[in-house]
Structures are given as C-alpha cells and as structure tokens.
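Pasting protein-v5.pdb here (PDB, C-alpha atoms):
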ATOM      1  CA  MET A   1    -144.451 165.409  52.189  1.00  0.00           C
ATOM      2  CA  THR A   2    -144.727 162.218  50.199  1.00  0.00           C
ATOM      3  CA  SER A   3    -142.886 161.534  46.970  1.00  0.00           C
ATOM      4  CA  PHE A   4    -146.029 162.616  45.131  1.00  0.00           C
ATOM      5  CA  GLU A   5    -146.507 165.885  46.991  1.00  0.00           C
ATOM      6  CA  MET A   6    -144.164 168.425  45.491  1.00  0.00           C
ATOM      7  CA  SER A   7    -144.784 172.071  44.750  1.00  0.00           C
ATOM      8  CA  SER A   8    -144.739 174.135  41.536  1.00  0.00           C
ATOM      9  CA  CYS A   9    -146.139 173.495  38.115  1.00  0.00           C
ATOM     10  CA  ALA A  10    -144.461 174.329  34.826  1.00  0.00           C
ATOM     11  CA  PRO A  11    -141.521 176.626  34.037  1.00  0.00           C
ATOM     12  CA  THR A  12    -142.135 179.572  31.762  1.00  0.00           C
ATOM     13  CA  ARG A  13    -142.195 179.063  27.997  1.00  0.00           C
ATOM     14  CA  ARG A  14    -138.875 180.918  27.709  1.00  0.00           C
ATOM     15  CA  ALA A  15    -137.286 178.516  30.197  1.00  0.00           C
ATOM     16  CA  ALA A  16    -138.768 175.562  28.328  1.00  0.00           C
ATOM     17  CA  LEU A  17    -137.343 176.746  25.025  1.00  0.00           C
ATOM     18  CA  THR A  18    -133.932 177.268  26.568  1.00  0.00           C
ATOM     19  CA  LEU A  19    -134.002 173.717  27.872  1.00  0.00           C
ATOM     20  CA  LEU A  20    -135.229 172.488  24.501  1.00  0.00           C
ATOM     21  CA  GLY A  21    -132.138 173.971  22.916  1.00  0.00           C
ATOM     22  CA  ALA A  22    -129.960 171.965  25.295  1.00  0.00           C
ATOM     23  CA  THR A  23    -131.932 168.745  25.386  1.00  0.00           C
ATOM     24  CA  ALA A  24    -130.661 165.650  27.138  1.00  0.00           C
ATOM     25  CA  ALA A  25    -130.829 162.454  25.126  1.00  0.00           C
ATOM     26  CA  LEU A  26    -132.636 159.466  26.535  1.00  0.00           C
ATOM     27  CA  GLY A  27    -130.092 157.351  24.677  1.00  0.00           C
ATOM     28  CA  GLY A  28    -127.555 158.125  27.397  1.00  0.00           C
ATOM     29  CA  ILE A  29    -129.383 155.926  29.888  1.00  0.00           C
ATOM     30  CA  ARG A  30    -128.750 156.764  33.510  1.00  0.00           C
ATOM     31  CA  SER A  31    -129.290 154.308  36.303  1.00  0.00           C
ATOM     32  CA  ALA A  32    -131.276 154.994  39.447  1.00  0.00           C
ATOM     33  CA  GLY A  33    -128.010 154.682  41.315  1.00  0.00           C
ATOM     34  CA  ALA A  34    -126.736 157.775  39.563  1.00  0.00           C
ATOM     35  CA  ALA A  35    -130.035 159.608  39.698  1.00  0.00           C
ATOM     36  CA  THR A  36    -131.846 158.537  42.830  1.00  0.00           C
ATOM     37  CA  GLY A  37    -129.465 156.441  44.873  1.00  0.00           C
ATOM     38  CA  GLY A  38    -131.103 153.114  44.010  1.00  0.00           C
ATOM     39  CA  GLY A  39    -129.679 150.147  42.192  1.00  0.00           C
ATOM     40  CA  ASP A  40    -132.229 149.534  39.424  1.00  0.00           C
ATOM     41  CA  GLU A  41    -132.266 151.400  36.138  1.00  0.00           C
ATOM     42  CA  VAL A  42    -135.269 153.715  35.904  1.00  0.00           C
ATOM     43  CA  LEU A  43    -134.538 155.440  32.599  1.00  0.00           C
ATOM     44  CA  THR A  44    -134.410 152.510  30.222  1.00  0.00           C
ATOM     45  CA  GLU A  45    -136.291 152.991  26.965  1.00  0.00           C
ATOM     46  CA  ALA A  46    -138.544 150.051  27.801  1.00  0.00           C
ATOM     47  CA  LYS A  47    -139.597 151.519  31.146  1.00  0.00           C
ATOM     48  CA  VAL A  48    -139.954 155.114  29.992  1.00  0.00           C
ATOM     49  CA  LEU A  49    -141.431 154.613  26.520  1.00  0.00           C
ATOM     50  CA  ARG A  50    -143.178 151.245  26.744  1.00  0.00           C
ATOM     51  CA  ASP A  51    -144.404 150.588  30.262  1.00  0.00           C
ATOM     52  CA  PRO A  52    -147.303 148.197  29.521  1.00  0.00           C
ATOM     53  CA  GLU A  53    -149.298 149.514  32.501  1.00  0.00           C
ATOM     54  CA  VAL A  54    -149.230 153.150  31.379  1.00  0.00           C
ATOM     55  CA  PRO A  55    -152.038 154.413  29.090  1.00  0.00           C
ATOM     56  CA  VAL A  56    -151.236 155.330  25.486  1.00  0.00           C
ATOM     57  CA  ALA A  57    -153.063 157.529  22.962  1.00  0.00           C
ATOM     58  CA  GLY A  58    -152.478 158.548  19.355  1.00  0.00           C
ATOM     59  CA  ASN A  59    -150.985 156.079  16.892  1.00  0.00           C
ATOM     60  CA  LEU A  60    -149.988 153.014  18.895  1.00  0.00           C
ATOM     61  CA  ASP A  61    -147.527 152.088  16.129  1.00  0.00           C
ATOM     62  CA  GLY A  62    -146.219 155.616  15.625  1.00  0.00           C
ATOM     63  CA  ASP A  63    -142.636 156.282  14.606  1.00  0.00           C
ATOM     64  CA  ILE A  64    -142.144 158.923  17.323  1.00  0.00           C
ATOM     65  CA  THR A  65    -143.213 158.654  20.961  1.00  0.00           C
ATOM     66  CA  ILE A  66    -144.102 161.626  23.142  1.00  0.00           C
ATOM     67  CA  VAL A  67    -144.218 160.910  26.868  1.00  0.00           C
ATOM     68  CA  GLU A  68    -146.108 163.427  29.005  1.00  0.00           C
ATOM     69  CA  TRP A  69    -145.893 163.711  32.807  1.00  0.00           C
ATOM     70  CA  SER A  70    -148.920 165.662  34.026  1.00  0.00           C
ATOM     71  CA  ASP A  71    -151.038 166.558  37.042  1.00  0.00           C
ATOM     72  CA  TYR A  72    -154.805 166.980  36.773  1.00  0.00           C
ATOM     73  CA  GLN A  73    -154.699 170.136  38.909  1.00  0.00           C
ATOM     74  CA  CYS A  74    -151.953 171.810  36.880  1.00  0.00           C
ATOM     75  CA  PRO A  75    -153.385 174.712  34.819  1.00  0.00           C
ATOM     76  CA  TYR A  76    -150.467 174.473  32.381  1.00  0.00           C
ATOM     77  CA  CYS A  77    -151.301 170.816  31.719  1.00  0.00           C
ATOM     78  CA  ARG A  78    -154.908 171.722  31.066  1.00  0.00           C
ATOM     79  CA  ARG A  79    -153.874 174.526  28.736  1.00  0.00           C
ATOM     80  CA  VAL A  80    -151.471 172.459  26.664  1.00  0.00           C
ATOM     81  CA  GLU A  81    -153.685 169.356  26.464  1.00  0.00           C
ATOM     82  CA  PRO A  82    -155.904 170.347  23.493  1.00  0.00           C
ATOM     83  CA  GLU A  83    -152.951 171.680  21.496  1.00  0.00           C
ATOM     84  CA  LEU A  84    -150.873 168.562  22.099  1.00  0.00           C
ATOM     85  CA  ARG A  85    -153.784 166.292  21.154  1.00  0.00           C
ATOM     86  CA  GLN A  86    -154.350 168.317  17.973  1.00  0.00           C
ATOM     87  CA  VAL A  87    -150.691 167.976  17.005  1.00  0.00           C
ATOM     88  CA  VAL A  88    -150.819 164.222  17.622  1.00  0.00           C
ATOM     89  CA  GLN A  89    -153.996 163.903  15.563  1.00  0.00           C
ATOM     90  CA  ASP A  90    -152.735 166.070  12.703  1.00  0.00           C
ATOM     91  CA  ASP A  91    -149.391 164.272  12.526  1.00  0.00           C
ATOM     92  CA  GLY A  92    -150.922 160.808  12.561  1.00  0.00           C
ATOM     93  CA  LYS A  93    -147.659 159.034  13.362  1.00  0.00           C
ATOM     94  CA  VAL A  94    -147.116 160.020  16.995  1.00  0.00           C
ATOM     95  CA  ARG A  95    -147.596 157.679  19.927  1.00  0.00           C
ATOM     96  CA  LEU A  96    -148.550 159.581  23.114  1.00  0.00           C
ATOM     97  CA  VAL A  97    -147.734 158.014  26.496  1.00  0.00           C
ATOM     98  CA  LEU A  98    -149.656 159.524  29.437  1.00  0.00           C
ATOM     99  CA  LYS A  99    -147.819 159.363  32.754  1.00  0.00           C
ATOM    100  CA  ASP A 100    -149.761 160.589  35.762  1.00  0.00           C
ATOM    101  CA  TRP A 101    -147.429 162.551  38.036  1.00  0.00           C
ATOM    102  CA  PRO A 102    -149.521 163.907  40.930  1.00  0.00           C
ATOM    103  CA  ILE A 103    -147.229 166.508  42.510  1.00  0.00           C
ATOM    104  CA  LEU A 104    -149.709 169.174  43.632  1.00  0.00           C
ATOM    105  CA  GLY A 105    -151.032 167.585  46.794  1.00  0.00           C
ATOM    106  CA  PRO A 106    -153.351 164.856  48.060  1.00  0.00           C
ATOM    107  CA  VAL A 107    -156.228 165.677  45.691  1.00  0.00           C
ATOM    108  CA  SER A 108    -153.852 165.265  42.746  1.00  0.00           C
ATOM    109  CA  VAL A 109    -152.932 161.819  44.046  1.00  0.00           C
ATOM    110  CA  THR A 110    -156.629 160.936  44.398  1.00  0.00           C
ATOM    111  CA  ALA A 111    -157.335 162.103  40.848  1.00  0.00           C
ATOM    112  CA  ALA A 112    -154.428 160.120  39.402  1.00  0.00           C
ATOM    113  CA  ARG A 113    -155.339 156.967  41.300  1.00  0.00           C
ATOM    114  CA  MET A 114    -158.973 157.205  40.156  1.00  0.00           C
ATOM    115  CA  ALA A 115    -157.978 157.764  36.524  1.00  0.00           C
ATOM    116  CA  LEU A 116    -155.699 154.723  36.634  1.00  0.00           C
ATOM    117  CA  ALA A 117    -158.411 152.670  38.322  1.00  0.00           C
ATOM    118  CA  ALA A 118    -160.738 153.602  35.451  1.00  0.00           C
ATOM    119  CA  LYS A 119    -158.245 151.871  33.154  1.00  0.00           C
ATOM    120  CA  PHE A 120    -159.503 148.506  34.402  1.00  0.00           C
ATOM    121  CA  GLN A 121    -162.891 149.216  32.789  1.00  0.00           C
ATOM    122  CA  ASP A 122    -161.269 150.752  29.682  1.00  0.00           C
ATOM    123  CA  LYS A 123    -162.309 154.256  30.720  1.00  0.00           C
ATOM    124  CA  TYR A 124    -158.935 155.841  31.515  1.00  0.00           C
ATOM    125  CA  HIS A 125    -159.060 158.222  28.557  1.00  0.00           C
ATOM    126  CA  GLN A 126    -162.593 159.329  29.414  1.00  0.00           C
ATOM    127  CA  ALA A 127    -161.537 159.994  33.008  1.00  0.00           C
ATOM    128  CA  HIS A 128    -158.364 161.780  31.905  1.00  0.00           C
ATOM    129  CA  ASP A 129    -160.188 164.020  29.445  1.00  0.00           C
ATOM    130  CA  ALA A 130    -162.930 164.851  31.945  1.00  0.00           C
ATOM    131  CA  MET A 131    -160.479 166.065  34.588  1.00  0.00           C
ATOM    132  CA  MET A 132    -158.215 167.866  32.130  1.00  0.00           C
ATOM    133  CA  GLY A 133    -161.189 169.588  30.534  1.00  0.00           C
ATOM    134  CA  VAL A 134    -162.255 171.673  33.531  1.00  0.00           C
ATOM    135  CA  ASN A 135    -160.933 174.987  34.820  1.00  0.00           C
ATOM    136  CA  SER A 136    -162.143 174.650  38.393  1.00  0.00           C
ATOM    137  CA  LYS A 137    -160.217 173.300  41.355  1.00  0.00           C
ATOM    138  CA  LEU A 138    -160.637 169.589  41.910  1.00  0.00           C
ATOM    139  CA  THR A 139    -162.081 168.050  45.050  1.00  0.00           C
ATOM    140  CA  GLU A 140    -162.927 164.402  45.590  1.00  0.00           C
ATOM    141  CA  PRO A 141    -166.690 165.014  45.162  1.00  0.00           C
ATOM    142  CA  ARG A 142    -165.984 166.991  41.973  1.00  0.00           C
ATOM    143  CA  ILE A 143    -163.781 164.170  40.647  1.00  0.00           C
ATOM    144  CA  ASN A 144    -166.572 161.667  41.334  1.00  0.00           C
ATOM    145  CA  GLU A 145    -169.036 163.908  39.493  1.00  0.00           C
ATOM    146  CA  LEU A 146    -166.728 164.358  36.489  1.00  0.00           C
ATOM    147  CA  LEU A 147    -165.927 160.675  36.143  1.00  0.00           C
ATOM    148  CA  ALA A 148    -169.543 159.590  36.510  1.00  0.00           C
ATOM    149  CA  GLY A 149    -170.485 162.139  33.862  1.00  0.00           C
ATOM    150  CA  ALA A 150    -167.825 160.662  31.572  1.00  0.00           C
ATOM    151  CA  GLY A 151    -169.445 157.236  31.779  1.00  0.00           C
ATOM    152  CA  VAL A 152    -167.222 155.633  34.400  1.00  0.00           C
ATOM    153  CA  ASP A 153    -168.924 152.964  36.507  1.00  0.00           C
ATOM    154  CA  MET A 154    -168.197 154.433  39.939  1.00  0.00           C
ATOM    155  CA  ASP A 155    -169.105 151.303  41.899  1.00  0.00           C
ATOM    156  CA  ARG A 156    -166.648 149.277  39.861  1.00  0.00           C
ATOM    157  CA  LEU A 157    -164.086 152.079  40.161  1.00  0.00           C
ATOM    158  CA  LYS A 158    -164.207 151.814  43.951  1.00  0.00           C
ATOM    159  CA  ARG A 159    -163.721 148.070  43.761  1.00  0.00           C
ATOM    160  CA  ASP A 160    -160.803 148.437  41.347  1.00  0.00           C
ATOM    161  CA  LEU A 161    -159.220 151.115  43.524  1.00  0.00           C
ATOM    162  CA  ALA A 162    -159.160 148.638  46.375  1.00  0.00           C
ATOM    163  CA  SER A 163    -158.235 145.471  44.496  1.00  0.00           C
ATOM    164  CA  HIS A 164    -155.566 147.098  42.299  1.00  0.00           C
ATOM    165  CA  ALA A 165    -154.195 149.563  44.873  1.00  0.00           C
ATOM    166  CA  GLY A 166    -150.719 148.061  44.789  1.00  0.00           C
ATOM    167  CA  ASP A 167    -150.549 148.104  40.989  1.00  0.00           C
ATOM    168  CA  ILE A 168    -151.761 151.693  40.798  1.00  0.00           C
ATOM    169  CA  ASP A 169    -149.319 152.930  43.420  1.00  0.00           C
ATOM    170  CA  ALA A 170    -146.490 151.088  41.667  1.00  0.00           C
ATOM    171  CA  ILE A 171    -147.282 152.933  38.416  1.00  0.00           C
ATOM    172  CA  LEU A 172    -147.279 156.277  40.199  1.00  0.00           C
ATOM    173  CA  LYS A 173    -143.968 155.439  41.866  1.00  0.00           C
ATOM    174  CA  ARG A 174    -142.376 154.497  38.527  1.00  0.00           C
ATOM    175  CA  ASN A 175    -143.660 157.699  36.945  1.00  0.00           C
ATOM    176  CA  ASN A 176    -142.312 159.743  39.842  1.00  0.00           C
ATOM    177  CA  ASP A 177    -138.942 157.986  39.874  1.00  0.00           C
ATOM    178  CA  GLN A 178    -138.496 158.605  36.156  1.00  0.00           C
ATOM    179  CA  ALA A 179    -139.478 162.280  36.366  1.00  0.00           C
ATOM    180  CA  THR A 180    -137.098 162.767  39.285  1.00  0.00           C
ATOM    181  CA  ALA A 181    -134.275 160.982  37.463  1.00  0.00           C
ATOM    182  CA  PHE A 182    -134.799 163.181  34.421  1.00  0.00           C
ATOM    183  CA  GLY A 183    -134.568 166.258  36.643  1.00  0.00           C
ATOM    184  CA  PHE A 184    -138.060 167.514  35.860  1.00  0.00           C
ATOM    185  CA  ARG A 185    -139.156 170.265  38.242  1.00  0.00           C
ATOM    186  CA  GLY A 186    -142.821 170.613  37.357  1.00  0.00           C
ATOM    187  CA  THR A 187    -145.695 169.632  35.140  1.00  0.00           C
ATOM    188  CA  PRO A 188    -146.157 169.279  32.284  1.00  0.00           C
ATOM    189  CA  SER A 189    -142.857 167.730  31.234  1.00  0.00           C
ATOM    190  CA  PHE A 190    -142.187 165.744  28.080  1.00  0.00           C
ATOM    191  CA  ILE A 191    -139.944 163.339  26.283  1.00  0.00           C
ATOM    192  CA  VAL A 192    -140.197 163.802  22.509  1.00  0.00           C
ATOM    193  CA  GLY A 193    -138.438 160.962  20.758  1.00  0.00           C
ATOM    194  CA  LYS A 194    -135.287 160.712  22.842  1.00  0.00           C
ATOM    195  CA  PHE A 195    -135.171 164.324  23.954  1.00  0.00           C
ATOM    196  CA  ARG A 196    -136.190 165.864  27.256  1.00  0.00           C
ATOM    197  CA  VAL A 197    -138.520 168.849  26.937  1.00  0.00           C
ATOM    198  CA  PRO A 198    -139.640 170.346  30.268  1.00  0.00           C
ATOM    199  CA  GLY A 199    -142.392 172.933  30.118  1.00  0.00           C
ATOM    200  CA  VAL A 200    -145.238 174.261  28.002  1.00  0.00           C
ATOM    201  CA  LEU A 201    -144.870 174.325  24.214  1.00  0.00           C
ATOM    202  CA  THR A 202    -147.115 175.769  21.520  1.00  0.00           C
ATOM    203  CA  MET A 203    -148.445 173.640  18.670  1.00  0.00           C
ATOM    204  CA  ALA A 204    -145.700 174.965  16.397  1.00  0.00           C
ATOM    205  CA  GLU A 205    -143.053 174.149  18.987  1.00  0.00           C
ATOM    206  CA  PHE A 206    -144.402 170.610  19.425  1.00  0.00           C
ATOM    207  CA  GLU A 207    -144.332 170.173  15.660  1.00  0.00           C
ATOM    208  CA  GLN A 208    -140.722 171.362  15.553  1.00  0.00           C
ATOM    209  CA  ALA A 209    -139.733 169.056  18.417  1.00  0.00           C
ATOM    210  CA  ILE A 210    -141.314 166.107  16.594  1.00  0.00           C
ATOM    211  CA  ALA A 211    -139.505 167.037  13.367  1.00  0.00           C
ATOM    212  CA  ASP A 212    -136.202 167.294  15.264  1.00  0.00           C
ATOM    213  CA  ALA A 213    -136.829 163.896  16.875  1.00  0.00           C
ATOM    214  CA  ARG A 214    -137.430 162.360  13.457  1.00  0.00           C
ATOM    215  CA  LYS A 215    -134.228 163.895  12.101  1.00  0.00           C
ATOM    216  CA  ALA A 216    -132.283 162.535  15.054  1.00  0.00           C
ATOM    217  CA  LYS A 217    -133.816 159.106  14.570  1.00  0.00           C
ATOM    218  CA  ALA A 218    -132.985 159.117  10.854  1.00  0.00           C
ATOM    219  CA  GLY A 219    -129.444 160.237  11.635  1.00  0.00           C
ATOM    220  CA  ASN A 220    -128.932 157.329  14.004  1.00  0.00           C
ATOM    221  CA  LYS A 221    -129.812 154.891  11.220  1.00  0.00           C
ATOM    222  CA  THR A 222    -127.179 156.221   8.815  1.00  0.00           C
TER     223      THR A 222
END

Please express what this file holds, its structure, as structure tokens.
Amino acid sequence: MTSFEMSSCAPTRRAALTLLGATAALGGIRSAGAATGGGDEVLTEAKVLRDPEVPVAGNLDGDITIVEWSDYQCPYCRRVEPELRQVVQDDGKVRLVLKDWPILGPVSVTAARMALAAKFQDKYHQAHDAMMGVNSKLTEPRINELLAGAGVDMDRLKRDLASHAGDIDAILKRNNDQATAFGFRGTPSFIVGKFRVPGVLTMAEFEQAIADARKAKAGNKT
C-alpha cells in the first residue's frame, strides 16, 4: 500500500457535524515532526492555503479560503461538488483550493496525475469537472475518454505526464502529508478559513461554516 492508497471515503454527516463543532484551528500550526515524524513543517498557512502549484477556483482574491481534499472515485466528493461550487459562486468572496488526494487505489492516482498534468495546458478545471461529473466507476480508458471529451489535448497530456512527473508526484505527496497531519480519515475533507471540517456538508452547512470563519477572522483583528 502506497501513501496514496488508503481505504474509506467520507464519514457520515452526523460525524462531520460533530467534528465541525470541535474544529481544530489551522492557526495552531503543527510541524511534520509532531504529525508525521519529519522535520519540515507541513501545516503552514502558505503551504496549505497558498501552494502555487495547486489549482484554485472561485474568487482568487476572496476573503475566505476553502481547501478541499478529494478523490475522483469518491461518491461523496461527487455528490458535494455541485453544492460546494454553488455556495462559492453565490457567496462571491470565497477562494476554493482543490487538493487532489487519491486514496482509493491506483486508478485514483492515475486520475489525479492526469488532472494535474492537464494543468500545464490550462485544462485542469475541465478535467476535474469531467471526472467529478460522472457516476460510473473510473478506469484508465474511461478517464481518457472523459478528458478528451472535455477538450484536453491527450497527446500533450501524455508528454506533460512524463516531463512533469516529479512535479506532479511532489504535489500529491504534499497534499497527502497535509491531510495526514490534519488527521483526515477520508474524502472529502475541508479547511474553511482556519477550521478543519472533515466530511460531507450541505449547502446550508457550508454557508454557516463560511460565516463562522468570517466571524473568527474579524475577531482576530479586534
């Protein structure tokens, strides 16, 4: 089992809400030494919220950042995706960071690597949406079909997969190290502002989490 091949998906909504009520602040930065046995900090705000290699959606200058760790084969991720995107669109001031965390086997790793390779032709979001928008199980041929249908240049994708393999794997390792350090046990998992929110939330619950994050941010300025 590699670091990217873990089992399970999301906790139940009840478990997520319980954890939401006892959120852990990102402000109390933990080092990898405390979390994973390494010496480098993995939970700094810069690395978690503003990794320049990780794709971003929503308002790039938003006042609140949501970070999502997801797997393209996770049915909970697929279910929450349209509701989360609607909340981000309706709010207008949320920056959404998309961290690929392929924990459901080798096909998940393939899907994540191909989505990140599509980033080099500015087609990450098209690839992401195409794979999140299906209900069927992914296979490599199905991924190729979905990405080609989304307008990804597949010949270039193959070249970018090879030439940027080290960069792509480094992103996936950072995403995995952060999720592990936060204690996430499945996908999807979120950071809303500076609060850890594991699990599936409804639109109303996302809106409340965003409002709470804004209150906390305003409180820190007083």

>> For Ile171 in chain A, find every residue with an atom within 9 Å (counting all atoms listed in the file), except residues of its own chain fewer than 6 positions away, and show them as a PyMOL selection string.
In response: chain A and resi 51+53-54+99-100+116

Selected by the PyMOL selection byres ((chain A and resi 153) around 12) in the shown coordinates: which residues, as a CSV table (one decimal) with C-alpha atoms, keeping the file's coordinate frame?
chain,number,residue,atom,x,y,z
A,114,MET,CA,-159.0,157.2,40.2
A,115,ALA,CA,-158.0,157.8,36.5
A,117,ALA,CA,-158.4,152.7,38.3
A,118,ALA,CA,-160.7,153.6,35.5
A,119,LYS,CA,-158.2,151.9,33.2
A,120,PHE,CA,-159.5,148.5,34.4
A,121,GLN,CA,-162.9,149.2,32.8
A,122,ASP,CA,-161.3,150.8,29.7
A,123,LYS,CA,-162.3,154.3,30.7
A,124,TYR,CA,-158.9,155.8,31.5
A,126,GLN,CA,-162.6,159.3,29.4
A,127,ALA,CA,-161.5,160.0,33.0
A,144,ASN,CA,-166.6,161.7,41.3
A,145,GLU,CA,-169.0,163.9,39.5
A,146,LEU,CA,-166.7,164.4,36.5
A,147,LEU,CA,-165.9,160.7,36.1
A,148,ALA,CA,-169.5,159.6,36.5
A,149,GLY,CA,-170.5,162.1,33.9
A,150,ALA,CA,-167.8,160.7,31.6
A,151,GLY,CA,-169.4,157.2,31.8
A,152,VAL,CA,-167.2,155.6,34.4
A,154,MET,CA,-168.2,154.4,39.9
A,155,ASP,CA,-169.1,151.3,41.9
A,156,ARG,CA,-166.6,149.3,39.9
A,157,LEU,CA,-164.1,152.1,40.2
A,158,LYS,CA,-164.2,151.8,44.0
A,159,ARG,CA,-163.7,148.1,43.8
A,160,ASP,CA,-160.8,148.4,41.3

Test item: the PyMOL selection byres ((chain A and resi 107) around 10) resolved as a JSON list (two decimals) with C-alpha atoms, keeping the file's coordinate frame:
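Generated output (selection16.json):
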[["chain", "number", "residue", "atom", "x", "y", "z"],
["A", 5, "GLU", "CA", -146.51, 165.88, 46.99],
["A", 72, "TYR", "CA", -154.80, 166.98, 36.77],
["A", 73, "GLN", "CA", -154.70, 170.14, 38.91],
["A", 102, "PRO", "CA", -149.52, 163.91, 40.93],
["A", 103, "ILE", "CA", -147.23, 166.51, 42.51],
["A", 104, "LEU", "CA", -149.71, 169.17, 43.63],
["A", 105, "GLY", "CA", -151.03, 167.58, 46.79],
["A", 106, "PRO", "CA", -153.35, 164.86, 48.06],
["A", 108, "SER", "CA", -153.85, 165.26, 42.75],
["A", 109, "VAL", "CA", -152.93, 161.82, 44.05],
["A", 110, "THR", "CA", -156.63, 160.94, 44.40],
["A", 111, "ALA", "CA", -157.34, 162.10, 40.85],
["A", 112, "ALA", "CA", -154.43, 160.12, 39.40],
["A", 113, "ARG", "CA", -155.34, 156.97, 41.30],
["A", 137, "LYS", "CA", -160.22, 173.30, 41.36],
["A", 138, "LEU", "CA", -160.64, 169.59, 41.91],
["A", 139, "THR", "CA", -162.08, 168.05, 45.05],
["A", 140, "GLU", "CA", -162.93, 164.40, 45.59],
["A", 143, "ILE", "CA", -163.78, 164.17, 40.65]]

Taking the file above as input, evaluate the PyMOL selection byres ((chain A and resi 176-193) around 6) and report the hits as a PDB file with C-alpha atoms, keeping the file's coordinate frame.
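Result went into expr-v2.pdb, see below:
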ATOM      1  CA  SER A   8    -144.739 174.135  41.536  1.00  0.00           C
ATOM      2  CA  CYS A   9    -146.139 173.495  38.115  1.00  0.00           C
ATOM      3  CA  ALA A  10    -144.461 174.329  34.826  1.00  0.00           C
ATOM      4  CA  ALA A  35    -130.035 159.608  39.698  1.00  0.00           C
ATOM      5  CA  VAL A  42    -135.269 153.715  35.904  1.00  0.00           C
ATOM      6  CA  ILE A  64    -142.144 158.923  17.323  1.00  0.00           C
ATOM      7  CA  THR A  65    -143.213 158.654  20.961  1.00  0.00           C
ATOM      8  CA  ILE A  66    -144.102 161.626  23.142  1.00  0.00           C
ATOM      9  CA  VAL A  67    -144.218 160.910  26.868  1.00  0.00           C
ATOM     10  CA  GLU A  68    -146.108 163.427  29.005  1.00  0.00           C
ATOM     11  CA  TRP A  69    -145.893 163.711  32.807  1.00  0.00           C
ATOM     12  CA  SER A  70    -148.920 165.662  34.026  1.00  0.00           C
ATOM     13  CA  CYS A  77    -151.301 170.816  31.719  1.00  0.00           C
ATOM     14  CA  LYS A 173    -143.968 155.439  41.866  1.00  0.00           C
ATOM     15  CA  ARG A 174    -142.376 154.497  38.527  1.00  0.00           C
ATOM     16  CA  ASN A 175    -143.660 157.699  36.945  1.00  0.00           C
ATOM     17  CA  LYS A 194    -135.287 160.712  22.842  1.00  0.00           C
ATOM     18  CA  PHE A 195    -135.171 164.324  23.954  1.00  0.00           C
ATOM     19  CA  ARG A 196    -136.190 165.864  27.256  1.00  0.00           C
ATOM     20  CA  VAL A 197    -138.520 168.849  26.937  1.00  0.00           C
ATOM     21  CA  PRO A 198    -139.640 170.346  30.268  1.00  0.00           C
ATOM     22  CA  GLY A 199    -142.392 172.933  30.118  1.00  0.00           C
ATOM     23  CA  ALA A 213    -136.829 163.896  16.875  1.00  0.00           C
TER      24      ALA A 213
END

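Interatomic distance, CA of Pro55 in chain A against CA of Leu96 in chain A: 8.6 Å.
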
> Quick one, how far is CA of Asp129 in chain A from CA of Tyr76 in chain A?
Replying inline: 14.6 Å

> With distances taken over all atoms listed in the file, which of A:Trp101, A:His125, A:Leu60, A:Phe206 is nearest to Asp169 in chain A?
Replying inline: A:Trp101

What lies within 10 Å of range 82-84 of chain A using only C-alpha atoms, ignoring chain neighbours under 2 positions off, as a short mmCIF file (atom, residue, chain, number, x, y, z; two decimals) with C-alpha atoms, in the frame of the given file?
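Saved file result_4.cif follows:
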data_model
loop_
_atom_site.label_atom_id
_atom_site.label_comp_id
_atom_site.auth_asym_id
_atom_site.auth_seq_id
_atom_site.Cartn_x
_atom_site.Cartn_y
_atom_site.Cartn_z
CA ILE A 66 -144.10 161.63 23.14
CA GLU A 68 -146.11 163.43 29.00
CA CYS A 77 -151.30 170.82 31.72
CA ARG A 78 -154.91 171.72 31.07
CA ARG A 79 -153.87 174.53 28.74
CA VAL A 80 -151.47 172.46 26.66
CA GLN A 86 -154.35 168.32 17.97
CA VAL A 87 -150.69 167.98 17.00
CA VAL A 88 -150.82 164.22 17.62
CA GLN A 89 -154.00 163.90 15.56
CA ASP A 90 -152.74 166.07 12.70
CA LEU A 96 -148.55 159.58 23.11
CA ASP A 129 -160.19 164.02 29.44
CA MET A 132 -158.22 167.87 32.13
CA GLY A 133 -161.19 169.59 30.53
CA VAL A 200 -145.24 174.26 28.00
CA LEU A 201 -144.87 174.32 24.21
CA THR A 202 -147.12 175.77 21.52
CA MET A 203 -148.44 173.64 18.67
CA ALA A 204 -145.70 174.96 16.40
CA PHE A 206 -144.40 170.61 19.42
CA GLU A 207 -144.33 170.17 15.66
#

> Which distance in Å separates CA of Leu43 in chain A and CA of Gly166 in chain A, to one decimal?
Replying inline: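 CA of Gly166 in chain A lies at a distance of 21.6 Å from CA of Leu43 in chain A.
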
With all atoms of range 73-85 of chain A from the file as input, state the centre and edge lengths in Å to one decimal of the axis-aligned box that has 5 Å extra on each side, as AutoDock Vina command-line options.
--center_x -153.2 --center_y 170.5 --center_z 30.0 --size_x 15.4 --size_y 18.4 --size_z 27.8

Only N, CA and C atoms, as a PDB file, in the first residue's frame: that is what I want for range 56-65 of chain A.
ATOM      1  N   VAL A  56      -6.740  26.525  -8.167  1.00  0.00           N
ATOM      2  CA  VAL A  56      -7.650  27.346  -7.374  1.00  0.00           C
ATOM      3  C   VAL A  56      -8.844  27.729  -8.236  1.00  0.00           C
ATOM      4  N   ALA A  57     -10.031  27.765  -7.615  1.00  0.00           N
ATOM      5  CA  ALA A  57     -11.255  28.201  -8.277  1.00  0.00           C
ATOM      6  C   ALA A  57     -11.917  29.279  -7.423  1.00  0.00           C
ATOM      7  N   GLY A  58     -13.062  29.769  -7.887  1.00  0.00           N
ATOM      8  CA  GLY A  58     -13.771  30.804  -7.144  1.00  0.00           C
ATOM      9  C   GLY A  58     -13.105  32.157  -7.295  1.00  0.00           C
ATOM     10  N   ASN A  59     -13.210  32.976  -6.258  1.00  0.00           N
ATOM     11  CA  ASN A  59     -12.623  34.309  -6.255  1.00  0.00           C
ATOM     12  C   ASN A  59     -11.176  34.208  -5.791  1.00  0.00           C
ATOM     13  N   LEU A  60     -10.246  34.443  -6.691  1.00  0.00           N
ATOM     14  CA  LEU A  60      -8.830  34.269  -6.358  1.00  0.00           C
ATOM     15  C   LEU A  60      -8.368  35.252  -5.286  1.00  0.00           C
ATOM     16  N   ASP A  61      -9.119  36.334  -5.101  1.00  0.00           N
ATOM     17  CA  ASP A  61      -8.801  37.325  -4.073  1.00  0.00           C
ATOM     18  C   ASP A  61      -9.804  37.293  -2.927  1.00  0.00           C
ATOM     19  N   GLY A  62     -10.482  36.165  -2.766  1.00  0.00           N
ATOM     20  CA  GLY A  62     -11.525  36.057  -1.752  1.00  0.00           C
ATOM     21  C   GLY A  62     -11.020  36.260  -0.330  1.00  0.00           C
ATOM     22  N   ASP A  63     -11.931  36.652   0.548  1.00  0.00           N
ATOM     23  CA  ASP A  63     -11.550  36.904   1.935  1.00  0.00           C
ATOM     24  C   ASP A  63     -11.504  35.635   2.777  1.00  0.00           C
ATOM     25  N   ILE A  64     -12.154  34.571   2.292  1.00  0.00           N
ATOM     26  CA  ILE A  64     -12.131  33.272   2.970  1.00  0.00           C
ATOM     27  C   ILE A  64     -11.689  32.208   1.980  1.00  0.00           C
ATOM     28  N   THR A  65     -10.805  31.329   2.432  1.00  0.00           N
ATOM     29  CA  THR A  65     -10.343  30.213   1.594  1.00  0.00           C
ATOM     30  C   THR A  65     -10.939  28.913   2.101  1.00  0.00           C
TER      31      THR A  65
END
